[in-house]
Structures are given as structure tokens and as C-alpha cells.
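**Student:** This is the structure I want to talk about, given as C-alpha cells.
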Amino acid sequence: MQIKISEYSGFCFGVKRAMDITLKNSHINKKVATYGPLIHNPQVVESLKEKGIGVTSEISKDYDKIIMPSHGVPQELFKKCQALGIEAIDATCPFVEAVHEKVREYKKMGLKIVIVGDAGHSEVKGIMSSCDNDCIVISALEDVEKYDFKNKKVGIVSQTTNSPNYFGEVVGKIAQVADETIVANTICYATHKRQAAAHDLAPNVDVMLVVGGKNSANTNRLYQISKEMNDRTYHIETEAELTKEMFENCETVGITAGASTPDEIINRIKEWIMNI
Ligand code: F3S
């Protein structure tokens, strides 16, 4: 059986960096936790726990060090850590940090700030805090009509995971009414490259495996894309979910993985397939 690994799959640069920072900050005699799960992968969260790195949903004195995840957090949390004497370790992805920087710049310029993104997402909440929440969040194209951009100078940024087409549509709609529109394309293309590679690979294999947390939004999206192209697509977290029946009359297997899936899990899956 031939195994084809998608050209772009698994950890993105920002997640890999956050993992490295986290592992470097594990100590035997210090209490360390990540603020929320570092990544949406239960196996990784479990393995960090075994190394003494827990997960916390609040800034509490129970910990000596708290690691902020790659998608960033509101600035208040850093201040809270400082006030309580807790060491805050910033593992925010530099691409997300660049969006924070941009909204700070827009604020200094006196622009009406627009963040195109999901208002409930932690990344967006973090970006909002960098301009003191003095901004508008556009979560759907129709939202543009709810605001009056007439005679306004607008500065627009995007959540890193938006699709370029959607971002362009929102920008176009605002530009039709605003006096001046300044746009920073802050999309990170890691997600799109991974999706495009899965889209290309899935129809060219007999069975397609999508590896990653069932709670991972980007893995679920990869599954949808692959399933549309190949009906024999399975979403699995580990090799424990594989069965021989999945590979009946199968000559080629394609594998893609979400941004929070470590190579180690992909390799174990490859090995399992090679053994049948
Ligand atoms: Fe960073 Fe892009 Fe990954 S913003 S965390 S490299 S998806």
C-alpha cells in the first residue's frame, strides 16, 4: 500500500514554536500551566500533563508560571500575572502579534478600527484588547451594513485564519462607503496551504485519513474538504481508531493532519498501515 502525506500537514510554525516554548518552561519544582489547552489535541495536552504542565482557565496564584497560547490572549491577563507575581510566558505566534501591533498603530493614527473575524474567538478577543476594545468586529459580510462608515477613515485587519476571498469581500463593502480605507492583510496562509493540499490529495487516493483532535476546528474543516472530494475519508485522532476494514481494496492512502497534530502521531499511523 502506498502512503502519501499531504504536502502541508501537521504543526504550523506558530504551534511548533508554542510547543517548544512550553517544553522549555517545564520545571520539576515549579507549578506550570498553559492558559487554556495549548493546542486542540487531547493527546498532546495529556502528554504535557505527564511532564507536569497543567491547564488553567484562570490566572491564579496556584501557579508559578503561566504560558499564553499561540493564538494570543487579552493584554489584561499579562497585567494580572504581573500583579500576582506570576511569570507570564508569551507563546503568541508572531503572525498574531503582528495583528496586535497593527491595531495599536491604527489607534495612534485615529482610525476607526475594524477587525474581520469571529467575535467569540480568543484570537479576536486578544486583538481587541490591544486597541482597548475601541473597534468594530465584523463576523459576517451582512454585519457591514450595521455600521455607518460614511465620512470615516477606517483601518482594517483580519483574524489570521480568514479566507482571503471573504476578507476581500468585507474590505470591498466598507471601501464603497468609507472616506478612506487602510487595509493590512494579516491572514496567515498556513491554513489555506494545508486546505488546498488536502483538496488536491483526497481525490487521488483510495482512502484519505484526516488526523487531529475532534475538537479542532481546522481539522474538522480539513475533514469536510477531503470528504467532499473522497467519500472514503476518515477523521481519526490516533492509530487506535484504525481498522483493517477501512483499507479493503485500497492501494493508496492519503494522510493530512490539522495544525495541532504532532509528527509523532502521523508516524505511528503510517507504521500501523505499513504493518497490515
Ligand atoms: Fe501562527 Fe498561522 Fe499557525 S498565525 S499559529 S502560523 S496558523
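In the C-alpha cells, chains take letters A, B, ... by order of appearance, with residues numbered from 1 within each chain and ligands from 1 in the order shown.
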Neighbours of ligand 1 within 8 Å, counting only C-alpha atoms and all ligand atoms, as number ranges by chain?

**Tutor:** A: 11-15, 70-71, 92-96, 160-161, 187-191, 259

**Student:** Please provide as a PyMOL selection string all residues within 12 Å of range 31-36 of chain A, with the sequence filter that same-chain residues fewer than 3 positions apart are discarded (counting only C-alpha atoms).

**Tutor:** chain A and resi 18-19+21-28+39-41+45+48-74+77-78+81+86-92+122

**Student:** Do you know which residues are at most 9 Å from Lys193 in chain A counting only C-alpha atoms, after dropping those on the same chain fewer than 4 positions away, and could you put them as a VMD selection string?

**Tutor:** chain A and resid 7 to 9 189 197 to 198

**Student:** Given the selection you just returned, output its residues as a file containing all heavy atoms, formatted as a compact mmCIF listing (two decimals), in the first residue's frame.

**Tutor:**
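Now in out_3.txt:
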```txt
# COMPACT_ATOMS: atom_id res chain seq x y z
N GLU A 7 1.31 17.59 1.29
CA GLU A 7 2.48 18.47 1.26
C GLU A 7 2.52 19.41 2.48
O GLU A 7 3.57 19.67 3.05
CB GLU A 7 2.44 19.30 -0.04
CG GLU A 7 3.77 19.94 -0.32
CD GLU A 7 3.70 20.85 -1.54
OE1 GLU A 7 2.70 20.78 -2.27
OE2 GLU A 7 4.66 21.63 -1.71
N TYR A 8 1.34 19.91 2.87
CA TYR A 8 1.28 20.75 4.06
C TYR A 8 0.36 20.07 5.05
O TYR A 8 -0.83 19.94 4.79
CB TYR A 8 0.72 22.14 3.74
CG TYR A 8 1.59 22.92 2.79
CD1 TYR A 8 1.34 22.94 1.42
CD2 TYR A 8 2.68 23.64 3.28
CE1 TYR A 8 2.15 23.65 0.55
CE2 TYR A 8 3.51 24.35 2.41
CZ TYR A 8 3.22 24.36 1.06
OH TYR A 8 4.03 25.06 0.21
N SER A 9 0.92 19.59 6.16
CA SER A 9 0.06 18.98 7.18
C SER A 9 0.76 19.06 8.52
O SER A 9 1.97 19.24 8.61
CB SER A 9 -0.26 17.53 6.81
OG SER A 9 0.89 16.76 6.84
N TYR A 189 -1.25 32.26 5.79
CA TYR A 189 -1.60 31.34 4.71
C TYR A 189 -1.34 29.86 5.04
O TYR A 189 -1.64 28.99 4.23
CB TYR A 189 -0.92 31.77 3.41
CG TYR A 189 -1.63 33.00 2.85
CD1 TYR A 189 -1.25 34.27 3.25
CD2 TYR A 189 -2.73 32.86 2.02
CE1 TYR A 189 -1.94 35.40 2.80
CE2 TYR A 189 -3.42 33.97 1.57
CZ TYR A 189 -3.02 35.23 1.96
OH TYR A 189 -3.72 36.33 1.53
N ALA A 197 -3.83 21.68 -0.14
CA ALA A 197 -3.09 20.43 -0.34
C ALA A 197 -4.00 19.23 -0.10
O ALA A 197 -3.95 18.24 -0.84
CB ALA A 197 -1.88 20.39 0.58
N ALA A 198 -4.88 19.30 0.92
CA ALA A 198 -5.82 18.19 1.21
C ALA A 198 -6.82 18.05 0.06
O ALA A 198 -7.14 16.95 -0.38
CB ALA A 198 -6.55 18.45 2.52
```

**Student:** Run DSSP on the backbone and tell me which residues of range 62-254 of chain A come out as strand (DSSP E); list them as a ChimeraX atom specification.

**Tutor:** /A:65-68,87-90,112-116,135-138,153-158,180-183,207-211,233-236,252-254

**Student:** For those residues, write C-alpha atoms to a file as a PDB file, in the first residue's frame.

**Tutor:**
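Saved the output as part-v5.pdb:
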```pdb
ATOM      1  CA  LYS A  65       4.370  30.255  35.534  1.00  0.00           C
ATOM      2  CA  ILE A  66       1.511  30.541  33.041  1.00  0.00           C
ATOM      3  CA  ILE A  67       2.118  30.066  29.325  1.00  0.00           C
ATOM      4  CA  MET A  68      -0.075  32.070  26.937  1.00  0.00           C
ATOM      5  CA  GLU A  87       5.662  34.707  35.467  1.00  0.00           C
ATOM      6  CA  ALA A  88       3.692  35.032  32.206  1.00  0.00           C
ATOM      7  CA  ILE A  89       5.347  33.297  29.256  1.00  0.00           C
ATOM      8  CA  ASP A  90       4.180  34.672  25.928  1.00  0.00           C
ATOM      9  CA  LYS A 112     -11.964  53.603  13.074  1.00  0.00           C
ATOM     10  CA  ILE A 113     -10.644  50.075  13.631  1.00  0.00           C
ATOM     11  CA  VAL A 114     -12.331  47.086  12.045  1.00  0.00           C
ATOM     12  CA  ILE A 115     -11.332  43.503  12.886  1.00  0.00           C
ATOM     13  CA  VAL A 116     -12.732  40.982  10.424  1.00  0.00           C
ATOM     14  CA  CYS A 135     -13.088  48.704  17.498  1.00  0.00           C
ATOM     15  CA  ILE A 136     -15.782  47.006  15.445  1.00  0.00           C
ATOM     16  CA  VAL A 137     -15.712  43.248  14.863  1.00  0.00           C
ATOM     17  CA  ILE A 138     -17.219  42.077  11.589  1.00  0.00           C
ATOM     18  CA  LYS A 153     -11.207  56.828   7.952  1.00  0.00           C
ATOM     19  CA  VAL A 154     -11.137  53.094   8.543  1.00  0.00           C
ATOM     20  CA  GLY A 155      -8.251  50.752   9.380  1.00  0.00           C
ATOM     21  CA  ILE A 156      -8.989  47.068   8.717  1.00  0.00           C
ATOM     22  CA  VAL A 157      -7.208  43.886   9.877  1.00  0.00           C
ATOM     23  CA  SER A 158      -8.135  40.230   9.567  1.00  0.00           C
ATOM     24  CA  GLU A 180     -10.544  56.351   3.378  1.00  0.00           C
ATOM     25  CA  THR A 181      -9.764  52.666   3.874  1.00  0.00           C
ATOM     26  CA  ILE A 182      -6.397  51.368   5.065  1.00  0.00           C
ATOM     27  CA  VAL A 183      -6.044  47.606   4.933  1.00  0.00           C
ATOM     28  CA  VAL A 207      -8.606   6.182   1.320  1.00  0.00           C
ATOM     29  CA  MET A 208      -7.985   9.557   2.925  1.00  0.00           C
ATOM     30  CA  LEU A 209      -7.143   9.949   6.625  1.00  0.00           C
ATOM     31  CA  VAL A 210      -7.520  13.280   8.402  1.00  0.00           C
ATOM     32  CA  VAL A 211      -5.632  13.239  11.690  1.00  0.00           C
ATOM     33  CA  THR A 233     -12.337   9.833   4.210  1.00  0.00           C
ATOM     34  CA  TYR A 234     -11.939   9.162   7.960  1.00  0.00           C
ATOM     35  CA  HIS A 235     -11.261  11.637  10.769  1.00  0.00           C
ATOM     36  CA  ILE A 236      -9.138   9.981  13.458  1.00  0.00           C
ATOM     37  CA  THR A 252      -3.148   4.298  -1.933  1.00  0.00           C
ATOM     38  CA  VAL A 253      -3.733   6.103   1.371  1.00  0.00           C
ATOM     39  CA  GLY A 254      -3.547   9.862   1.742  1.00  0.00           C
TER      40      GLY A 254
END
```

**Student:** Between A:Pro262, A:His199, A:Trp272, A:Glu241, which has the minimum distance to Ser47 in chain A (counting only C-alpha atoms)?

**Tutor:**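 Of A:Pro262, A:His199, A:Trp272, A:Glu241, the one nearest Ser47 in chain A, counting only C-alpha atoms, is A:Pro262.
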
**Student:** Would you work out the distance separating CA of Lys79 in chain A from CA of Lys125 in chain A, expressed in Å to one decimal?

**Tutor:**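 According to the coordinates, CA of Lys79 in chain A and CA of Lys125 in chain A are separated by 15.6 Å.
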
**Student:** Separation of CA of Ser216 in chain A and CA of Ala257 in chain A, in Å?

**Tutor:**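 Atom-to-atom, CA of Ser216 in chain A to CA of Ala257 in chain A, that is 10.6 Å.
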
**Student:** Figure out the distance between CA of Gly117 in chain A and CA of Glu169 in chain A, please, to one decimal in Å.

**Tutor:**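 Between CA of Glu169 in chain A and CA of Gly117 in chain A the gap is 12.9 Å.
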
**Student:** So that I can check the secondary structure, give me every residue of range 45-201 of chain A assigned helix (DSSP H, G or I) by backbone DSSP, as a PyMOL selection string.

**Tutor:** chain A and resi 45-50+75-84+94-109+122-129+141-146+164-177+190-201
